[in-house]
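As stored in structure.cif (mmCIF, C-alpha atoms (C1' of nucleotides)):
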```cif
data_final
#
loop_
_atom_site.label_atom_id
_atom_site.label_comp_id
_atom_site.auth_asym_id
_atom_site.auth_seq_id
_atom_site.Cartn_x
_atom_site.Cartn_y
_atom_site.Cartn_z
CA MET A 1 -208.76 88.77 146.05
CA PRO A 2 -212.50 88.98 145.63
CA ARG A 3 -215.17 89.51 148.22
CA GLN A 4 -213.37 90.72 151.29
CA ARG A 5 -215.23 90.86 154.55
CA ASP A 6 -214.97 92.98 157.64
CA VAL A 7 -213.74 90.37 160.07
CA GLY A 8 -213.72 92.69 163.06
CA ALA A 9 -217.31 93.74 162.54
CA GLN A 10 -218.36 90.13 162.17
CA ARG A 11 -216.65 89.13 165.36
CA GLU A 12 -218.26 91.95 167.27
CA LEU A 13 -221.67 91.16 165.79
CA LEU A 14 -221.30 87.55 166.83
CA SER A 15 -220.02 88.40 170.28
CA ASN A 16 -223.02 90.62 170.81
CA ALA A 17 -225.23 87.75 169.74
CA VAL A 18 -223.48 85.49 172.27
CA TRP A 19 -224.21 88.13 174.82
CA GLN A 20 -227.91 88.37 174.05
CA VAL A 21 -228.41 84.63 173.95
CA LEU A 22 -226.56 84.23 177.21
CA ALA A 23 -228.66 86.92 178.85
CA GLU A 24 -232.01 85.48 177.89
CA ALA A 25 -231.41 81.74 177.56
CA GLY A 26 -228.61 81.26 180.04
CA LEU A 27 -225.56 79.09 179.74
CA PRO A 28 -227.39 75.90 178.64
CA GLY A 29 -229.14 77.80 175.87
CA LEU A 30 -225.90 79.14 174.48
CA THR A 31 -225.51 77.03 171.33
CA LEU A 32 -223.88 77.91 168.05
CA ARG A 33 -227.20 77.63 166.29
CA ALA A 34 -228.86 80.00 168.75
CA VAL A 35 -226.03 82.49 168.33
CA ALA A 36 -226.23 82.22 164.55
CA GLU A 37 -229.97 82.72 164.56
CA ARG A 38 -229.68 85.75 166.82
CA ALA A 39 -226.96 87.19 164.58
CA GLY A 40 -229.06 86.57 161.49
CA CYS A 41 -226.74 84.11 159.83
CA THR A 42 -225.91 80.41 159.95
CA THR A 43 -223.41 78.37 161.87
CA GLY A 44 -221.25 78.41 158.76
CA LEU A 45 -220.38 82.07 159.18
CA VAL A 46 -219.95 81.70 162.93
CA LEU A 47 -217.33 78.99 162.54
CA HIS A 48 -215.61 80.91 159.75
CA ALA A 49 -215.22 83.92 162.02
CA PHE A 50 -214.18 81.83 165.02
CA PRO A 51 -212.41 78.49 164.75
CA THR A 52 -214.35 76.99 167.63
CA LYS A 53 -217.09 77.68 170.13
CA LYS A 54 -214.63 78.30 172.89
CA ALA A 55 -212.84 80.98 170.88
CA LEU A 56 -216.19 82.65 170.38
CA LEU A 57 -216.88 82.46 174.09
CA LEU A 58 -213.52 83.90 175.01
CA HIS A 59 -213.94 86.79 172.60
CA ALA A 60 -217.36 87.56 174.02
CA ARG A 61 -215.84 87.48 177.47
CA ASP A 62 -213.15 89.94 176.42
CA LEU A 63 -215.81 92.18 174.95
CA LEU A 64 -217.65 92.22 178.26
CA TYR A 65 -214.49 93.29 180.03
CA GLU A 66 -213.72 95.98 177.47
CA ARG A 67 -217.18 97.49 177.74
CA THR A 68 -217.13 97.68 181.51
CA ALA A 69 -213.59 99.08 181.42
CA ILE A 70 -214.56 101.74 178.91
CA ARG A 71 -217.57 102.71 180.97
CA ALA A 72 -215.46 102.90 184.10
CA ASP A 73 -212.83 104.98 182.31
CA ALA A 74 -215.48 107.40 181.16
CA ALA A 75 -217.05 107.63 184.60
CA GLU A 76 -213.67 108.24 186.16
CA ALA A 77 -212.64 110.86 183.60
CA ALA A 78 -215.87 112.78 184.01
CA ALA A 79 -215.56 112.98 187.79
CA ALA A 80 -214.29 116.15 189.40
CA SER A 81 -212.73 114.66 192.52
CA PRO A 82 -211.36 111.28 193.57
CA SER A 83 -214.37 110.67 195.77
CA ASP A 84 -216.72 111.52 192.93
CA ALA A 85 -214.75 109.19 190.69
CA LEU A 86 -215.03 106.36 193.22
CA THR A 87 -218.77 106.89 193.51
CA ALA A 88 -219.21 107.04 189.75
CA VAL A 89 -217.09 103.97 189.04
CA LEU A 90 -218.88 101.81 191.59
CA GLY A 91 -222.20 103.22 190.48
CA CYS A 92 -221.67 102.11 186.92
CA ALA A 93 -220.34 98.75 188.04
CA ALA A 94 -223.66 98.13 189.72
CA ASP A 95 -226.59 98.54 187.39
CA LEU A 96 -228.02 101.59 189.03
CA THR A 97 -229.19 103.04 185.76
CA GLN A 98 -231.16 99.84 185.10
CA GLY A 99 -229.64 100.16 181.65
CA HIS A 100 -227.64 97.01 181.70
CA GLN A 101 -229.35 94.45 183.86
CA GLU A 102 -228.66 91.99 181.13
CA GLU A 103 -224.96 92.58 181.64
CA SER A 104 -225.29 91.21 185.14
CA ARG A 105 -226.98 88.12 183.81
CA VAL A 106 -224.24 87.67 181.27
CA TRP A 107 -221.67 88.18 183.98
CA VAL A 108 -223.24 85.46 186.12
CA GLY A 109 -223.30 83.16 183.11
CA PHE A 110 -219.63 83.67 182.43
CA LEU A 111 -218.87 83.27 186.11
CA ALA A 112 -220.59 79.91 186.23
CA ALA A 113 -218.80 78.86 183.06
CA ALA A 114 -215.49 79.98 184.56
CA LEU A 115 -215.93 77.54 187.45
CA ALA A 116 -215.43 74.68 185.00
CA ASP A 117 -213.19 76.29 182.37
CA ASP A 118 -209.65 77.35 183.23
CA ASP A 119 -209.32 79.86 180.41
CA LEU A 120 -212.51 81.63 181.37
CA ALA A 121 -211.50 81.48 185.02
CA GLU A 122 -208.20 83.15 184.25
CA ARG A 123 -209.93 85.94 182.39
CA HIS A 124 -212.39 86.38 185.19
CA ARG A 125 -209.58 86.77 187.68
CA ALA A 126 -207.69 89.15 185.42
CA ALA A 127 -210.75 91.33 184.95
CA ASN A 128 -211.47 91.29 188.65
CA HIS A 129 -207.91 92.19 189.58
CA SER A 130 -208.07 95.05 187.14
CA PHE A 131 -211.26 96.29 188.73
CA LEU A 132 -209.85 95.82 192.22
CA ALA A 133 -206.76 97.82 191.26
CA ARG A 134 -208.91 100.63 189.91
CA VAL A 135 -211.07 100.83 193.03
CA ARG A 136 -208.04 100.58 195.27
CA ARG A 137 -206.33 103.44 193.44
CA LEU A 138 -209.40 105.63 193.81
CA ILE A 139 -209.77 104.84 197.50
CA ALA A 140 -206.09 105.56 198.02
CA ALA A 141 -206.60 108.94 196.38
CA CYS A 142 -209.40 109.65 198.85
CA ARG A 143 -207.51 108.29 201.87
CA PRO A 144 -203.78 108.62 201.26
CA GLU A 145 -203.03 108.03 204.93
CA TRP A 146 -204.47 104.52 205.00
CA THR A 147 -202.22 101.52 205.32
CA ASP A 148 -201.99 98.92 202.59
CA ASP A 149 -203.87 96.41 204.68
CA ARG A 150 -206.74 98.75 205.28
CA LEU A 151 -206.81 99.72 201.62
CA ASP A 152 -206.91 96.08 200.65
CA LEU A 153 -209.69 95.15 203.02
CA THR A 154 -211.82 98.14 202.13
CA THR A 155 -211.35 97.65 198.40
CA LYS A 156 -212.30 94.02 198.43
CA THR A 157 -215.23 94.60 200.74
CA LEU A 158 -216.58 97.32 198.51
CA VAL A 159 -216.17 95.24 195.37
CA ALA A 160 -217.80 92.26 197.05
CA LEU A 161 -220.75 94.42 197.99
CA VAL A 162 -221.15 95.63 194.41
CA GLU A 163 -220.89 92.15 192.97
CA GLY A 164 -223.28 90.79 195.56
CA LEU A 165 -225.81 93.47 194.73
CA ASN A 166 -225.42 92.70 191.04
CA VAL A 167 -225.81 88.98 191.47
CA LEU A 168 -228.79 89.18 193.78
CA ALA A 169 -230.47 91.80 191.60
CA ALA A 170 -229.96 89.63 188.54
CA ALA A 171 -231.86 86.77 190.16
CA ASP A 172 -234.42 88.83 192.08
CA PRO A 173 -234.81 92.33 190.65
CA GLN A 174 -237.84 93.11 192.81
CA ALA A 175 -235.96 92.54 196.06
CA TYR A 176 -232.99 94.60 194.89
CA PRO A 177 -234.31 97.64 193.01
CA ALA A 178 -231.96 100.34 191.74
CA ARG A 179 -232.82 102.71 194.57
CA LEU A 180 -231.87 100.18 197.22
CA GLN A 181 -228.60 99.43 195.49
CA GLU A 182 -227.90 103.13 195.31
CA ASN A 183 -228.60 103.58 199.00
CA ALA A 184 -226.48 100.61 199.96
CA LEU A 185 -223.60 101.88 197.88
CA ALA A 186 -223.94 105.43 199.13
CA LYS A 187 -223.84 104.27 202.73
CA ALA A 188 -220.79 102.09 202.17
CA LEU A 189 -219.03 104.95 200.41
CA HIS A 190 -220.01 107.41 203.09
CA ASP A 191 -218.09 105.39 205.62
CA ILE A 192 -215.01 105.68 203.41
CA VAL A 193 -215.19 109.19 202.10
CA SER A 194 -216.24 111.15 205.15
CA GLU A 195 -214.81 109.45 208.21
CA GLY A 196 -211.37 108.21 209.01
CA MET B 1 -244.21 43.02 198.13
CA PRO B 2 -240.63 41.94 197.65
CA ARG B 3 -237.48 43.90 197.50
CA GLN B 4 -238.39 47.29 198.90
CA ARG B 5 -235.94 50.12 198.61
CA ASP B 6 -235.20 53.15 200.72
CA VAL B 7 -236.44 55.81 198.37
CA GLY B 8 -235.44 58.68 200.61
CA ALA B 9 -231.87 57.49 200.98
CA GLN B 10 -231.59 57.01 197.24
CA ARG B 11 -232.81 60.49 196.55
CA GLU B 12 -230.39 61.99 199.02
CA LEU B 13 -227.52 59.94 197.63
CA LEU B 14 -228.32 61.11 194.13
CA SER B 15 -228.76 64.71 195.20
CA ASN B 16 -225.36 64.63 196.82
CA ALA B 17 -223.94 63.24 193.62
CA VAL B 18 -225.56 66.10 191.70
CA TRP B 19 -223.90 68.41 194.14
CA GLN B 20 -220.43 66.95 193.73
CA VAL B 21 -220.62 66.88 189.97
CA LEU B 22 -221.87 70.45 189.90
CA ALA B 23 -219.04 71.58 192.17
CA GLU B 24 -216.23 70.04 190.17
CA ALA B 25 -217.52 69.97 186.60
CA GLY B 26 -219.84 72.95 186.63
CA LEU B 27 -223.25 73.28 185.09
CA PRO B 28 -222.27 71.99 181.62
CA GLY B 29 -220.77 68.87 183.14
CA LEU B 30 -223.92 68.02 185.01
CA THR B 31 -225.27 65.07 183.02
CA LEU B 32 -227.32 62.13 184.18
CA ARG B 33 -224.46 59.79 183.34
CA ALA B 34 -221.97 61.85 185.35
CA VAL B 35 -224.35 61.88 188.30
CA ALA B 36 -224.91 58.14 188.03
CA GLU B 37 -221.19 57.44 187.86
CA ARG B 38 -220.54 59.64 190.88
CA ALA B 39 -223.31 57.92 192.80
CA GLY B 40 -221.99 54.48 191.83
CA CYS B 41 -225.00 53.37 189.86
CA THR B 42 -226.43 53.72 186.38
CA THR B 43 -228.84 56.10 184.78
CA GLY B 44 -231.49 53.44 185.25
CA LEU B 45 -231.62 53.94 188.99
CA VAL B 46 -231.41 57.70 188.64
CA LEU B 47 -234.48 57.88 186.46
CA HIS B 48 -236.35 55.41 188.65
CA ALA B 49 -235.77 57.61 191.68
CA PHE B 50 -236.57 60.81 189.79
CA PRO B 51 -238.92 60.97 186.82
CA THR B 52 -236.78 63.49 184.97
CA LYS B 53 -233.53 65.41 185.16
CA LYS B 54 -235.28 68.58 186.20
CA ALA B 55 -236.91 66.86 189.17
CA LEU B 56 -233.46 65.68 190.23
CA LEU B 57 -232.13 69.22 189.89
CA LEU B 58 -234.97 70.70 191.91
CA HIS B 59 -234.50 68.15 194.68
CA ALA B 60 -230.79 68.89 194.82
CA ARG B 61 -231.62 72.57 195.03
CA ASP B 62 -233.97 71.92 197.93
CA LEU B 63 -231.28 69.90 199.64
CA LEU B 64 -228.86 72.82 199.34
CA TYR B 65 -231.40 75.08 201.00
CA GLU B 66 -232.12 72.61 203.76
CA ARG B 67 -228.46 72.19 204.60
CA THR B 68 -227.77 75.90 204.83
CA ALA B 69 -230.94 76.40 206.85
CA ILE B 70 -229.99 73.65 209.28
CA ARG B 71 -226.52 75.09 209.69
CA ALA B 72 -227.94 78.55 210.26
CA ASP B 73 -230.43 77.17 212.80
CA ALA B 74 -227.64 75.47 214.68
CA ALA B 75 -225.44 78.56 214.65
CA GLU B 76 -228.30 80.68 215.88
CA ALA B 77 -229.27 78.26 218.61
CA ALA B 78 -225.73 78.01 219.91
CA ALA B 79 -225.30 81.75 220.21
CA ALA B 80 -225.64 83.46 223.56
CA SER B 81 -226.84 86.86 222.39
CA PRO B 82 -228.59 88.26 219.32
CA SER B 83 -225.37 89.91 218.15
CA ASP B 84 -223.49 86.65 218.54
CA ALA B 85 -226.24 84.91 216.62
CA LEU B 86 -226.01 87.43 213.80
CA THR B 87 -222.25 87.02 213.61
CA ALA B 88 -222.50 83.25 213.66
CA VAL B 89 -225.24 83.04 211.04
CA LEU B 90 -223.43 85.30 208.60
CA GLY B 91 -220.17 83.55 209.35
CA CYS B 92 -221.55 80.19 208.35
CA ALA B 93 -223.23 81.68 205.31
CA ALA B 94 -219.84 82.75 204.09
CA ASP B 95 -217.36 79.92 203.91
CA LEU B 96 -215.11 81.16 206.66
CA THR B 97 -214.32 77.67 207.82
CA GLN B 98 -213.11 76.81 204.31
CA GLY B 99 -215.16 73.69 204.91
CA HIS B 100 -217.66 74.22 202.21
CA GLN B 101 -216.09 76.15 199.37
CA GLU B 102 -217.72 73.66 197.08
CA GLU B 103 -221.08 74.81 198.36
CA SER B 104 -220.36 78.25 196.97
CA ARG B 105 -219.52 76.75 193.61
CA VAL B 106 -222.74 74.77 193.67
CA TRP B 107 -224.62 77.87 194.67
CA VAL B 108 -223.21 79.79 191.72
CA GLY B 109 -224.13 76.92 189.43
CA PHE B 110 -227.72 76.89 190.61
CA LEU B 111 -227.84 80.68 190.40
CA ALA B 112 -226.76 80.62 186.77
CA ALA B 113 -229.26 77.86 186.03
CA ALA B 114 -231.98 79.87 187.75
CA LEU B 115 -231.50 82.73 185.31
CA ALA B 116 -232.90 80.51 182.55
CA ASP B 117 -235.26 78.25 184.53
CA ASP B 118 -238.34 79.67 186.20
CA ASP B 119 -238.72 76.87 188.73
CA LEU B 120 -235.15 77.20 189.90
CA ALA B 121 -235.48 80.97 189.94
CA GLU B 122 -238.52 80.73 192.17
CA ARG B 123 -236.69 78.49 194.61
CA HIS B 124 -233.72 80.79 194.59
CA ARG B 125 -235.90 83.73 195.50
CA ALA B 126 -237.71 81.77 198.19
CA ALA B 127 -234.44 80.67 199.78
CA ASN B 128 -233.08 84.17 199.62
CA HIS B 129 -236.17 85.69 201.16
CA SER B 130 -235.94 83.16 203.94
CA PHE B 131 -232.34 84.10 204.58
CA LEU B 132 -233.13 87.81 204.37
CA ALA B 133 -235.93 87.35 206.91
CA ARG B 134 -233.59 85.52 209.28
CA VAL B 135 -230.90 88.19 209.09
CA ARG B 136 -233.44 90.94 209.41
CA ARG B 137 -234.92 89.35 212.51
CA LEU B 138 -231.49 89.08 214.12
CA ILE B 139 -230.58 92.65 213.28
CA ALA B 140 -233.90 93.81 214.68
CA ALA B 141 -233.09 91.98 217.89
CA CYS B 142 -229.81 93.89 218.10
CA ARG B 143 -231.31 97.23 217.11
CA PRO B 144 -234.96 97.30 218.13
CA GLU B 145 -235.11 101.08 217.70
CA TRP B 146 -234.35 101.02 213.98
CA THR B 147 -237.03 101.86 211.44
CA ASP B 148 -238.23 99.31 208.93
CA ASP B 149 -236.48 101.10 206.11
CA ARG B 150 -233.18 101.11 207.89
CA LEU B 151 -233.60 97.44 208.80
CA ASP B 152 -234.35 96.60 205.22
CA LEU B 153 -231.40 98.46 203.78
CA THR B 154 -228.96 97.09 206.33
CA THR B 155 -230.19 93.52 205.91
CA LYS B 156 -229.94 93.51 202.16
CA THR B 157 -226.58 95.24 202.20
CA LEU B 158 -225.19 92.70 204.62
CA VAL B 159 -226.55 89.75 202.64
CA ALA B 160 -225.21 91.23 199.41
CA LEU B 161 -221.80 91.54 201.00
CA VAL B 162 -221.84 87.91 202.10
CA GLU B 163 -223.00 86.66 198.72
CA GLY B 164 -220.47 88.83 196.96
CA LEU B 165 -217.67 87.45 199.11
CA ASN B 166 -218.88 83.93 198.40
CA VAL B 167 -219.11 84.43 194.67
CA LEU B 168 -215.76 86.15 194.34
CA ALA B 169 -214.07 83.60 196.60
CA ALA B 170 -215.52 80.77 194.54
CA ALA B 171 -213.91 82.11 191.38
CA ASP B 172 -210.71 83.47 192.93
CA PRO B 173 -209.95 81.88 196.32
CA GLN B 174 -206.49 83.41 196.52
CA ALA B 175 -207.80 86.96 196.31
CA TYR B 176 -210.50 86.27 198.91
CA PRO B 177 -209.03 84.06 201.64
CA ALA B 178 -211.02 83.16 204.73
CA ARG B 179 -209.24 85.69 206.89
CA LEU B 180 -210.13 88.56 204.60
CA GLN B 181 -213.76 87.48 204.47
CA GLU B 182 -213.79 87.29 208.24
CA ASN B 183 -212.35 90.76 208.55
CA ALA B 184 -214.76 92.22 206.03
CA LEU B 185 -217.70 90.63 207.81
CA ALA B 186 -216.48 91.68 211.24
CA LYS B 187 -216.13 95.26 210.13
CA ALA B 188 -219.56 95.34 208.55
CA LEU B 189 -221.08 93.81 211.67
CA HIS B 190 -219.20 96.19 213.93
CA ASP B 191 -220.96 99.11 212.27
CA ILE B 192 -224.28 97.48 213.11
CA VAL B 193 -223.70 96.07 216.55
CA SER B 194 -221.79 98.83 218.25
CA GLU B 195 -222.96 102.12 216.82
CA GLY B 196 -226.39 103.53 216.31
"C1'" DT C 1 -238.44 25.78 197.90
"C1'" DC C 2 -240.77 28.19 194.52
"C1'" DC C 3 -243.36 31.94 192.82
"C1'" DT C 4 -244.48 36.58 192.36
"C1'" DT C 5 -243.45 41.26 192.18
"C1'" DT C 6 -240.49 45.12 192.45
"C1'" DT C 7 -235.94 46.84 191.34
"C1'" DC C 8 -232.46 48.33 188.45
"C1'" DG C 9 -228.79 47.53 184.97
"C1'" DT C 10 -228.54 47.19 179.70
"C1'" DA C 11 -229.19 48.92 175.57
"C1'" DA C 12 -231.42 51.30 172.38
"C1'" DC C 13 -233.86 55.56 170.76
"C1'" DA C 14 -234.53 60.33 168.82
"C1'" DA C 15 -232.89 64.85 169.30
"C1'" DG C 16 -229.53 68.18 169.68
"C1'" DC C 17 -224.78 69.39 170.05
"C1'" DG C 18 -220.04 71.11 167.96
"C1'" DT C 19 -217.63 70.46 163.99
"C1'" DT C 20 -216.44 69.51 159.13
"C1'" DA C 21 -216.65 68.95 154.12
"C1'" DC C 22 -218.59 70.58 150.19
"C1'" DC C 23 -220.35 73.47 146.73
"C1'" DG C 24 -223.05 77.39 144.88
"C1'" DT C 25 -222.25 82.20 144.57
"C1'" DA C 26 -220.86 86.85 144.87
"C1'" DG C 27 -217.52 90.16 143.76
"C1'" DC C 28 -212.85 91.95 142.01
"C1'" DA C 29 -208.97 91.62 138.16
"C1'" DC C 30 -208.40 91.71 133.50
"C1'" DG D 1 -217.92 90.04 129.88
"C1'" DT D 2 -215.24 86.39 131.72
"C1'" DG D 3 -212.61 83.83 135.00
"C1'" DC D 4 -210.89 83.16 139.40
"C1'" DT D 5 -211.06 83.05 144.34
"C1'" DA D 6 -212.54 83.65 148.90
"C1'" DC D 7 -216.92 83.73 151.31
"C1'" DG D 8 -220.59 81.56 153.52
"C1'" DG D 9 -224.85 78.66 153.35
"C1'" DT D 10 -226.22 73.51 153.28
"C1'" DA D 11 -226.05 69.34 154.94
"C1'" DA D 12 -223.98 65.78 156.82
"C1'" DC D 13 -220.86 63.63 160.35
"C1'" DG D 14 -219.90 61.57 164.94
"C1'" DC D 15 -220.89 62.21 169.48
"C1'" DT D 16 -223.41 63.05 173.67
"C1'" DT D 17 -227.59 64.14 175.73
"C1'" DG D 18 -232.20 62.92 178.14
"C1'" DT D 19 -235.40 59.43 177.97
"C1'" DT D 20 -237.58 54.89 177.35
"C1'" DA D 21 -238.32 49.81 176.81
"C1'" DC D 22 -237.00 45.48 178.21
"C1'" DG D 23 -235.12 41.72 180.64
"C1'" DA D 24 -232.42 39.61 184.39
"C1'" DA D 25 -231.71 39.34 189.18
"C1'" DA D 26 -233.16 39.73 193.88
"C1'" DA D 27 -236.10 39.26 197.94
"C1'" DG D 28 -240.33 38.52 200.75
"C1'" DG D 29 -244.71 35.28 201.14
"C1'" DA D 30 -246.55 30.60 200.71
#
```

Since I need it in another form, could you write the structure as C-alpha cells?
Amino acid sequence: MPRQRDVGAQRELLSNAVWQVLAEAGLPGLTLRAVAERAGCTTGLVLHAFPTKKALLLHARDLLYERTAIRADAAEAAAASPSDALTAVLGCAADLTQGHQEESRVWVGFLAAALADDDLAERHRAANHSFLARVRRLIAACRPEWTDDRLDLTTKTLVALVEGLNVLAAADPQAYPARLQENALAKALHDIVSEG
Amino acid sequence: MPRQRDVGAQRELLSNAVWQVLAEAGLPGLTLRAVAERAGCTTGLVLHAFPTKKALLLHARDLLYERTAIRADAAEAAAASPSDALTAVLGCAADLTQGHQEESRVWVGFLAAALADDDLAERHRAANHSFLARVRRLIAACRPEWTDDRLDLTTKTLVALVEGLNVLAAADPQAYPARLQENALAKALHDIVSEG
DNA sequence: TCCTTTTCGTAACAAGCGTTACCGTAGCAC
DNA sequence: GTGCTACGGTAACGCTTGTTACGAAAAGGA
C-alpha cells in the first residue's frame, strides 16, 4: 500500500479553491482548470479527489454551510444572554466585520446555481431552514410570550433583511458599508428585544 | 431597399427569450442556441440583431430595469397618498402578486453575473440607485421631518428587506409565500408610516 | 416581371469545457 | 536495493460554446 494521501485535506484544499474562484470569477469562471490552477495542481488530482464537477460543487457548498454554522455556534456560545446571542448570530451572518465579503459573493454564486440545480437547491433550503430555526429559537428565548405566527413572521423578516443586506452589499459595497448594515440590524433588533 | 425588418421588435423578442431561458435554466443554461430556440429562430438572427452575446445580455438587463421602472411608475401614479404610493411601489417590487416570480429568478441570475462582469455590475448599481432614490423620495414625502441620515438608513433597510424576501422566495417559495411577504412588508411600512 | 439588396438560416470554425485513458513516478514492503 | 502499487500529471477525447462566412430566399423598385 504505497503512497497514501490525505484525502480529507485534499478535498478541503480543493473546496477552498472552488470558493476563491467562485468569489473572484463568478459562476461562469468556475471551471475545473481554474480550480486546479488555484489549488496548485492539475485537473487530474481534482477528478481523483472528486468523481465529477458536481460532487466538487456540492462539497464546497457543504463547506460553506459548515463554516457559517461553526461561526454562528461560536457567536451564540460566547453570548451572555439570549438577546446578545441573537445580535451576535445575525451580526456574523451579515459581513459586519468586513472579514468575509467574499463569502457573500460565493453565497450569491451558489444561490444562482441552485436556481437551475435541484441538488444545490435542496442544500440551500436545508441550510436556510437551519438558520431560520436558529434565529427563531433565539427570538423565542427573548420573547417567550410570542405566538408561533408572530415568531415565524419576525424570524423570516429578520433573516430576509440580513440576506438582503448581504446580497446588496456584495454587488454594491459602497452603498452598503458595514456601519450601515450594523445600524440597520441594530434597529431591527431593537424593535424585537426592547418592545413587545 | 428591400425587405426591411423591425429591429426593435426583434431585439425585444430576443431579450424576452433571454429572460425566459434565464428563469428556467439559470445562468449556465443561457446559451445563444437556447435563446434562439426559445425565440423560434436560429443563432443567425440572434447575432444579426446583436453583435455579440454580451450585447444581448446587456439589452436584456436594460429591459428588466425598464419593466420594473414602468411598473413602479404605474403603481406610484395610481396611489392616492405618498404612503399608499410607498406601499404600492414596494409591493410590486416584491412579487406579492405571484405574477412575476420568474422575474426574481432572472434578477438573481443577473446579480450573480454582475459579480464577475463589470458592465453588468455597473447597470445593477445604477438600477439599484434609481430604486433607492424612488423609495427615499416617497419616504421623505411621508416623513418630511426626518433627517437625511435617518432617511438613508430607513430607505436602504427597506430595500434590503424587499430584495431579501425576493431572493429567499426565489430559492424557497414554500418558506416565503406571498402572504408572509405581504405581512413582513406591511409591518416594516407600519413602523415608518404611523410612528415617528 | 425581373433585378437588386437586405435578411437570415446553414454550416463550419476555433476554443474551451468536463471527462477519461494512460503512463511515469514516488513511496512502502521485503 | 528491488519490486509492486496507488497516486497524480499529461494529453487526448467528444461535446458544446460563441462566432463567422456563405448562400438561398424574400421583398420593394423599375

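Least-squares fitting of chain A to chain B, using all C-alpha atoms matched in order, gives an RMSD of 0.1 Å.
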
Output of the PyMOL selection byres ((chain C) within 12 of (chain A)), listed as an mmCIF file with C-alpha atoms (C1' of nucleotides), keeping the file's coordinate frame:
```cif
data_model
loop_
_atom_site.group_PDB
_atom_site.id
_atom_site.type_symbol
_atom_site.label_atom_id
_atom_site.label_comp_id
_atom_site.auth_asym_id
_atom_site.auth_seq_id
_atom_site.Cartn_x
_atom_site.Cartn_y
_atom_site.Cartn_z
ATOM 1 C "C1'" DG C 16 -229.530 68.180 169.680
ATOM 2 C "C1'" DC C 17 -224.780 69.390 170.050
ATOM 3 C "C1'" DG C 18 -220.040 71.110 167.960
ATOM 4 C "C1'" DT C 19 -217.630 70.460 163.990
ATOM 5 C "C1'" DT C 20 -216.440 69.510 159.130
ATOM 6 C "C1'" DA C 21 -216.650 68.950 154.120
ATOM 7 C "C1'" DC C 22 -218.590 70.580 150.190
ATOM 8 C "C1'" DT C 25 -222.250 82.200 144.570
ATOM 9 C "C1'" DA C 26 -220.860 86.850 144.870
ATOM 10 C "C1'" DG C 27 -217.520 90.160 143.760
ATOM 11 C "C1'" DC C 28 -212.850 91.950 142.010
ATOM 12 C "C1'" DA C 29 -208.970 91.620 138.160
#
```

Could you list the residues in chain A lying within 12 Å of chain D, using all atoms listed in the file, and format the result as a count of residues only? 17

Neighbour residues at most 10 Å from (-218.4, 86.4, 173.7) (only C-alpha atoms (C1' of nucleotides)) as a PDB file with C-alpha atoms, in the coordinates of the input:
```
ATOM      1  CA  ARG A  11    -216.650  89.130 165.360  1.00  0.00           C
ATOM      2  CA  GLU A  12    -218.260  91.950 167.270  1.00  0.00           C
ATOM      3  CA  LEU A  13    -221.670  91.160 165.790  1.00  0.00           C
ATOM      4  CA  LEU A  14    -221.300  87.550 166.830  1.00  0.00           C
ATOM      5  CA  SER A  15    -220.020  88.400 170.280  1.00  0.00           C
ATOM      6  CA  ASN A  16    -223.020  90.620 170.810  1.00  0.00           C
ATOM      7  CA  ALA A  17    -225.230  87.750 169.740  1.00  0.00           C
ATOM      8  CA  VAL A  18    -223.480  85.490 172.270  1.00  0.00           C
ATOM      9  CA  TRP A  19    -224.210  88.130 174.820  1.00  0.00           C
ATOM     10  CA  GLN A  20    -227.910  88.370 174.050  1.00  0.00           C
ATOM     11  CA  LEU A  22    -226.560  84.230 177.210  1.00  0.00           C
ATOM     12  CA  LYS A  53    -217.090  77.680 170.130  1.00  0.00           C
ATOM     13  CA  LYS A  54    -214.630  78.300 172.890  1.00  0.00           C
ATOM     14  CA  ALA A  55    -212.840  80.980 170.880  1.00  0.00           C
ATOM     15  CA  LEU A  56    -216.190  82.650 170.380  1.00  0.00           C
ATOM     16  CA  LEU A  57    -216.880  82.460 174.090  1.00  0.00           C
ATOM     17  CA  LEU A  58    -213.520  83.900 175.010  1.00  0.00           C
ATOM     18  CA  HIS A  59    -213.940  86.790 172.600  1.00  0.00           C
ATOM     19  CA  ALA A  60    -217.360  87.560 174.020  1.00  0.00           C
ATOM     20  CA  ARG A  61    -215.840  87.480 177.470  1.00  0.00           C
ATOM     21  CA  ASP A  62    -213.150  89.940 176.420  1.00  0.00           C
ATOM     22  CA  LEU A  63    -215.810  92.180 174.950  1.00  0.00           C
ATOM     23  CA  LEU A  64    -217.650  92.220 178.260  1.00  0.00           C
ATOM     24  CA  VAL A 106    -224.240  87.670 181.270  1.00  0.00           C
ATOM     25  CA  PHE A 110    -219.630  83.670 182.430  1.00  0.00           C
TER      26      PHE A 110
END
```

Given the PyMOL selection byres ((chain A) within 9 of (chain B)) and the file above, list the residues it selects as a PyMOL selection string. chain A and resi 23-29+105+108-117+121+124-125+128-129+153-154+156-168+170-172+175-176+180-181+183-185+188

At what distance in Å, to one decimal, does CA of Phe131 in chain B lie from CA of His100 in chain B?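 Between these atoms lies a distance of 17.9 Å.
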
Using all atoms listed in the file, which residues sit within 8 Å of Ala93 in chain B once same-chain residues fewer than 3 positions away are excluded, as a CSV table (one decimal) with C-alpha atoms, in the frame of the given file?
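Writing done, so here's selection.csv:
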```
chain,number,residue,atom,x,y,z
B,68,THR,CA,-227.8,75.9,204.8
B,72,ALA,CA,-227.9,78.6,210.3
B,89,VAL,CA,-225.2,83.0,211.0
B,90,LEU,CA,-223.4,85.3,208.6
B,162,VAL,CA,-221.8,87.9,202.1
```

What is the distance, in Å and to one decimal place, between CA of Leu96 in chain A and CA of Ile139 in chain A?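 Value for the CA of Leu96 in chain A-CA of Ile139 in chain A distance: 20.4 Å.
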
Just so the selection is clear, what residues does the PyMOL selection byres ((chain B and resi 84) around 12) cover here, as a PyMOL selection string? chain B and resi 75-83+85-91+138-139+141-142+186+189-190+193

Gap from CA of Arg123 in chain A to CA of Ile70 in chain A - Å, one decimal: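 Computing it gives 16.8 Å between the two atoms.
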